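K.L.:
Submitted below is the structure of interest, expressed as structure tokens.
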Amino acid sequence: PLHSADIRILFVCTGNQHRSPMAQAVLGRLLWARGVRAEIRSAGLLPGGAPLPRESADALDAIGLAGALDGFRSTQVTRAAVTGADLVLGMTREHLRELVVRLPEVWGHTFTLKELVRRGERAGARRVGEELPAWLARVSEGRTREELLGASSDDDIEDPIGGGAADFVRAASEIRGLCGRLVGLLWP
């Protein structure tokens, strides 16, 4: 339930079929293992309702998260989901831009996963007693919307769609590594 979560994190990708559900499963498991009470959700820019594709389930299985998303159905991102989250993480700059164009007020807590990890490692982990908004403000110093134009491997997790099993496992592994680094920054 919402009221029992210490933090609410929303991952966003295009169809909520591959990258964002993988991130939801990975971060959910990492935080559960740490005893962090969190609500981790994912959504896509496109209409939802689809089950988790076999390729994504197999990739999660390959990184040790078999069955992590049993019963999963994709969902379309909503204003309430974005504004109700403490942290919104897009899988690419395109996802981030789509969200902050629709809802400019979420800029301060909306990043790409790779951008937040990179900036967080530069700014330093959250300090003892430092609230999430204060850490995000510290991490965001000097951040501009213009630097997130276009596509960049610095910020984008490649979409495995259309690729083979190895591409899905590569995406899941990259997400696992980034989520592990994010946990180290937010809960050092």
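Just remember, in the structure tokens the first chain shown is A, the second B, etc., residues are 1-based per chain, and ligands are 1-based in the order shown.
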Using DSSP assignments from the backbone, pull out every residue in region 45-171 of chain A that falls under helix (DSSP H, G or I) and give it to me as a PyMOL selection string.
P.N.:
chain A and resi 54-62+79-84+93-102+104-109+113-123+132-139+146-148+165-171
K.L.:
As a compact mmCIF listing (two decimals) with N, CA, C and O atoms, in the first residue's frame, which residues of region 33-165 of chain A does DSSP assign to strand (DSSP E)?
P.N.:
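Done, and the output landed in selection00.txt:
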```txt
# COMPACT_ATOMS: atom_id res chain seq x y z
N ALA A 38 9.47 0.11 -0.14
CA ALA A 38 9.36 0.91 -1.36
C ALA A 38 8.22 0.42 -2.22
O ALA A 38 7.88 -0.77 -2.22
N GLU A 39 7.64 1.35 -2.92
CA GLU A 39 6.65 1.01 -3.94
C GLU A 39 7.34 1.27 -5.28
O GLU A 39 7.66 2.41 -5.60
N ILE A 40 7.60 0.20 -6.01
CA ILE A 40 8.29 0.32 -7.29
C ILE A 40 7.29 -0.08 -8.38
O ILE A 40 6.76 -1.19 -8.36
N ARG A 41 7.04 0.84 -9.28
CA ARG A 41 6.11 0.59 -10.38
C ARG A 41 6.78 0.93 -11.70
O ARG A 41 7.84 1.56 -11.73
N SER A 42 6.12 0.51 -12.78
CA SER A 42 6.60 0.88 -14.10
C SER A 42 5.40 1.16 -14.98
O SER A 42 4.29 0.69 -14.72
N ALA A 43 5.63 1.95 -16.02
CA ALA A 43 4.57 2.32 -16.96
C ALA A 43 5.21 2.67 -18.28
O ALA A 43 6.43 2.85 -18.37
N GLY A 44 4.39 2.76 -19.30
CA GLY A 44 4.88 3.09 -20.64
C GLY A 44 4.13 4.25 -21.24
O GLY A 44 3.05 4.63 -20.77
N LEU A 87 10.33 9.64 -7.22
CA LEU A 87 11.41 9.60 -8.20
C LEU A 87 10.87 8.91 -9.44
O LEU A 87 10.27 7.84 -9.35
N VAL A 88 11.06 9.56 -10.60
CA VAL A 88 10.63 8.99 -11.88
C VAL A 88 11.87 8.79 -12.73
O VAL A 88 12.68 9.71 -12.89
N LEU A 89 12.04 7.57 -13.24
CA LEU A 89 13.24 7.23 -14.01
C LEU A 89 12.87 6.69 -15.38
O LEU A 89 12.29 5.60 -15.50
N GLY A 90 13.19 7.47 -16.40
CA GLY A 90 12.98 7.03 -17.78
C GLY A 90 14.15 6.17 -18.23
O GLY A 90 15.25 6.26 -17.69
N THR A 110 12.63 13.84 -11.98
CA THR A 110 12.54 12.97 -13.15
C THR A 110 13.86 12.99 -13.90
O THR A 110 14.34 14.06 -14.27
N PHE A 111 14.43 11.81 -14.09
CA PHE A 111 15.75 11.65 -14.72
C PHE A 111 15.71 10.40 -15.60
O PHE A 111 14.79 9.59 -15.48
N THR A 112 16.75 10.21 -16.40
CA THR A 112 16.93 8.86 -16.93
C THR A 112 17.70 8.11 -15.84
O THR A 112 18.41 8.73 -15.02
```
K.L.:
I'd like to know which of A:Leu96, A:Val82, A:Val12, A:Ala172 is closest to Ala25 (chain A), using only C-alpha atoms.
P.N.:
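Ranking A:Leu96, A:Val82, A:Val12, A:Ala172 by distance to Ala25 (chain A), first place goes to A:Ala172.
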K.L.:
So which residues touch region 77-80 of chain A within 12 Å, counting only C-alpha atoms, skipping near sequence neighbours fewer than 5 positions away, as a VMD selection string?
P.N.:
chain A and resid 10 to 16 20 41 to 49 85 to 86 88 90 95 98 to 106
K.L.:
Set the distance at 12 Å and use only C-alpha atoms: which residues neighbour Gly163 (chain A) once local chain neighbours fewer than 5 positions away are removed? I'd like the list as a ChimeraX atom specification.
P.N.:
/A:18,55-56,158,168-171
K.L.:
Those selected residues, please, written with C-alpha atoms and delivered as a PDB file, in the first residue's frame.
P.N.:
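Full text of again_15.pdb as output:
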```pdb
ATOM      1  CA  HIS A  18      10.857  -4.749 -21.556  1.00  0.00           C
ATOM      2  CA  GLU A  55      11.924 -12.454 -23.954  1.00  0.00           C
ATOM      3  CA  SER A  56      11.739 -10.157 -20.931  1.00  0.00           C
ATOM      4  CA  GLU A 158      19.058   0.524 -25.637  1.00  0.00           C
ATOM      5  CA  PHE A 168      17.404  -8.842 -23.747  1.00  0.00           C
ATOM      6  CA  VAL A 169      19.877 -10.339 -21.275  1.00  0.00           C
ATOM      7  CA  ARG A 170      22.323  -7.498 -22.022  1.00  0.00           C
ATOM      8  CA  ALA A 171      19.577  -4.920 -21.277  1.00  0.00           C
TER       9      ALA A 171
END
```
K.L.:
Can you pull out every residue within 10 Å of Gly184 (chain A), counting only C-alpha atoms, but drop anything in the same chain fewer than 5 positions away, and send it as a PyMOL selection string?
P.N.:
chain A and resi 117+120-121+125-126+178-179
K.L.:
Enter the distance from CA of Phe72 (chain A) to CA of Ala50 (chain A), in Å, rounded to one decimal.
P.N.:
8.2 Å
K.L.:
Let me make sure I understand: among A:Val36, A:Thr92, A:Pro21, A:Leu116, which one has the smallest atom-to-atom distance to Gly71 (chain A) if we use only C-alpha atoms?
P.N.:
A:Pro21
K.L.:
If you measure from CA of Ala62 (chain A) to CA of Asp167 (chain A), what distance in Å do you get, rounded to one decimal?
P.N.:
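Between these atoms lies a distance of 11.9 Å.
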K.L.:
Give me, as a PDB file with all heavy atoms, in the first residue's frame, all polymer residues having an atom no more than 10 Å from Leu149 (chain A), counting only C-alpha atoms and skipping those fewer than 4 positions away in the same chain.
P.N.:
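out_6.pdb, freshly written:
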```pdb
ATOM      1  N   ARG A  93      16.404   9.399 -22.847  1.00  0.00           N
ATOM      2  CA  ARG A  93      16.118  10.837 -22.849  1.00  0.00           C
ATOM      3  C   ARG A  93      14.741  11.120 -23.436  1.00  0.00           C
ATOM      4  O   ARG A  93      14.059  12.039 -22.993  1.00  0.00           O
ATOM      5  CB  ARG A  93      17.173  11.574 -23.682  1.00  0.00           C
ATOM      6  CG  ARG A  93      18.523  11.657 -23.028  1.00  0.00           C
ATOM      7  CD  ARG A  93      19.482  12.358 -23.964  1.00  0.00           C
ATOM      8  NE  ARG A  93      20.779  12.576 -23.341  1.00  0.00           N
ATOM      9  CZ  ARG A  93      21.755  13.252 -23.919  1.00  0.00           C
ATOM     10  NH1 ARG A  93      21.592  13.762 -25.127  1.00  0.00           N
ATOM     11  NH2 ARG A  93      22.907  13.412 -23.295  1.00  0.00           N
ATOM     12  N   GLU A  94      14.343  10.348 -24.445  1.00  0.00           N
ATOM     13  CA  GLU A  94      13.036  10.545 -25.069  1.00  0.00           C
ATOM     14  C   GLU A  94      11.911  10.386 -24.045  1.00  0.00           C
ATOM     15  O   GLU A  94      10.966  11.186 -24.012  1.00  0.00           O
ATOM     16  CB  GLU A  94      12.844   9.544 -26.211  1.00  0.00           C
ATOM     17  CG  GLU A  94      11.477   9.635 -26.874  1.00  0.00           C
ATOM     18  CD  GLU A  94      11.233   8.518 -27.877  1.00  0.00           C
ATOM     19  OE1 GLU A  94      12.076   7.615 -28.029  1.00  0.00           O
ATOM     20  OE2 GLU A  94      10.150   8.555 -28.492  1.00  0.00           O
ATOM     21  N   LEU A  96      12.117  10.765 -20.768  1.00  0.00           N
ATOM     22  CA  LEU A  96      12.230  11.903 -19.864  1.00  0.00           C
ATOM     23  C   LEU A  96      11.606  13.153 -20.481  1.00  0.00           C
ATOM     24  O   LEU A  96      10.805  13.836 -19.843  1.00  0.00           O
ATOM     25  CB  LEU A  96      13.710  12.142 -19.535  1.00  0.00           C
ATOM     26  CG  LEU A  96      14.062  13.412 -18.763  1.00  0.00           C
ATOM     27  CD1 LEU A  96      13.430  13.404 -17.385  1.00  0.00           C
ATOM     28  CD2 LEU A  96      15.561  13.551 -18.656  1.00  0.00           C
ATOM     29  N   ARG A  97      11.965  13.444 -21.735  1.00  0.00           N
ATOM     30  CA  ARG A  97      11.423  14.639 -22.399  1.00  0.00           C
ATOM     31  C   ARG A  97       9.901  14.578 -22.496  1.00  0.00           C
ATOM     32  O   ARG A  97       9.216  15.561 -22.247  1.00  0.00           O
ATOM     33  CB  ARG A  97      12.027  14.790 -23.799  1.00  0.00           C
ATOM     34  CG  ARG A  97      13.453  15.266 -23.790  1.00  0.00           C
ATOM     35  CD  ARG A  97      13.908  15.687 -25.175  1.00  0.00           C
ATOM     36  NE  ARG A  97      13.731  14.657 -26.194  1.00  0.00           N
ATOM     37  CZ  ARG A  97      14.660  13.755 -26.516  1.00  0.00           C
ATOM     38  NH1 ARG A  97      15.829  13.758 -25.904  1.00  0.00           N
ATOM     39  NH2 ARG A  97      14.421  12.865 -27.456  1.00  0.00           N
ATOM     40  N   THR A 144      20.560  21.074 -17.059  1.00  0.00           N
ATOM     41  CA  THR A 144      19.688  21.837 -17.959  1.00  0.00           C
ATOM     42  C   THR A 144      18.899  20.883 -18.845  1.00  0.00           C
ATOM     43  O   THR A 144      19.337  19.770 -19.147  1.00  0.00           O
ATOM     44  CB  THR A 144      20.496  22.776 -18.880  1.00  0.00           C
ATOM     45  OG1 THR A 144      21.294  21.982 -19.760  1.00  0.00           O
ATOM     46  CG2 THR A 144      21.387  23.720 -18.079  1.00  0.00           C
ATOM     47  N   ARG A 145      17.738  21.354 -19.255  1.00  0.00           N
ATOM     48  CA  ARG A 145      16.911  20.564 -20.161  1.00  0.00           C
ATOM     49  C   ARG A 145      17.599  20.364 -21.505  1.00  0.00           C
ATOM     50  O   ARG A 145      17.464  19.315 -22.129  1.00  0.00           O
ATOM     51  CB  ARG A 145      15.554  21.240 -20.349  1.00  0.00           C
ATOM     52  CG  ARG A 145      14.662  21.151 -19.114  1.00  0.00           C
ATOM     53  CD  ARG A 145      13.484  22.125 -19.232  1.00  0.00           C
ATOM     54  NE  ARG A 145      12.458  21.901 -18.228  1.00  0.00           N
ATOM     55  CZ  ARG A 145      12.501  22.351 -16.989  1.00  0.00           C
ATOM     56  NH1 ARG A 145      13.546  23.036 -16.568  1.00  0.00           N
ATOM     57  NH2 ARG A 145      11.517  22.113 -16.146  1.00  0.00           N
TER      58      ARG A 145
END
```
K.L.:
Which residue out of A:Met22, A:Gly142, A:Arg119, A:Asp154 has the minimum interatomic distance to Asp61 (chain A) when only C-alpha atoms are used?
P.N.:
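Once distances to Asp61 (chain A) are computed over only C-alpha atoms, the minimum belongs to A:Met22.
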K.L.:
If you measure from CA of Trp187 (chain A) to CA of Gln76 (chain A), what distance in Å do you get, rounded to one decimal?
P.N.:
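So the answer is 29.1 Å.
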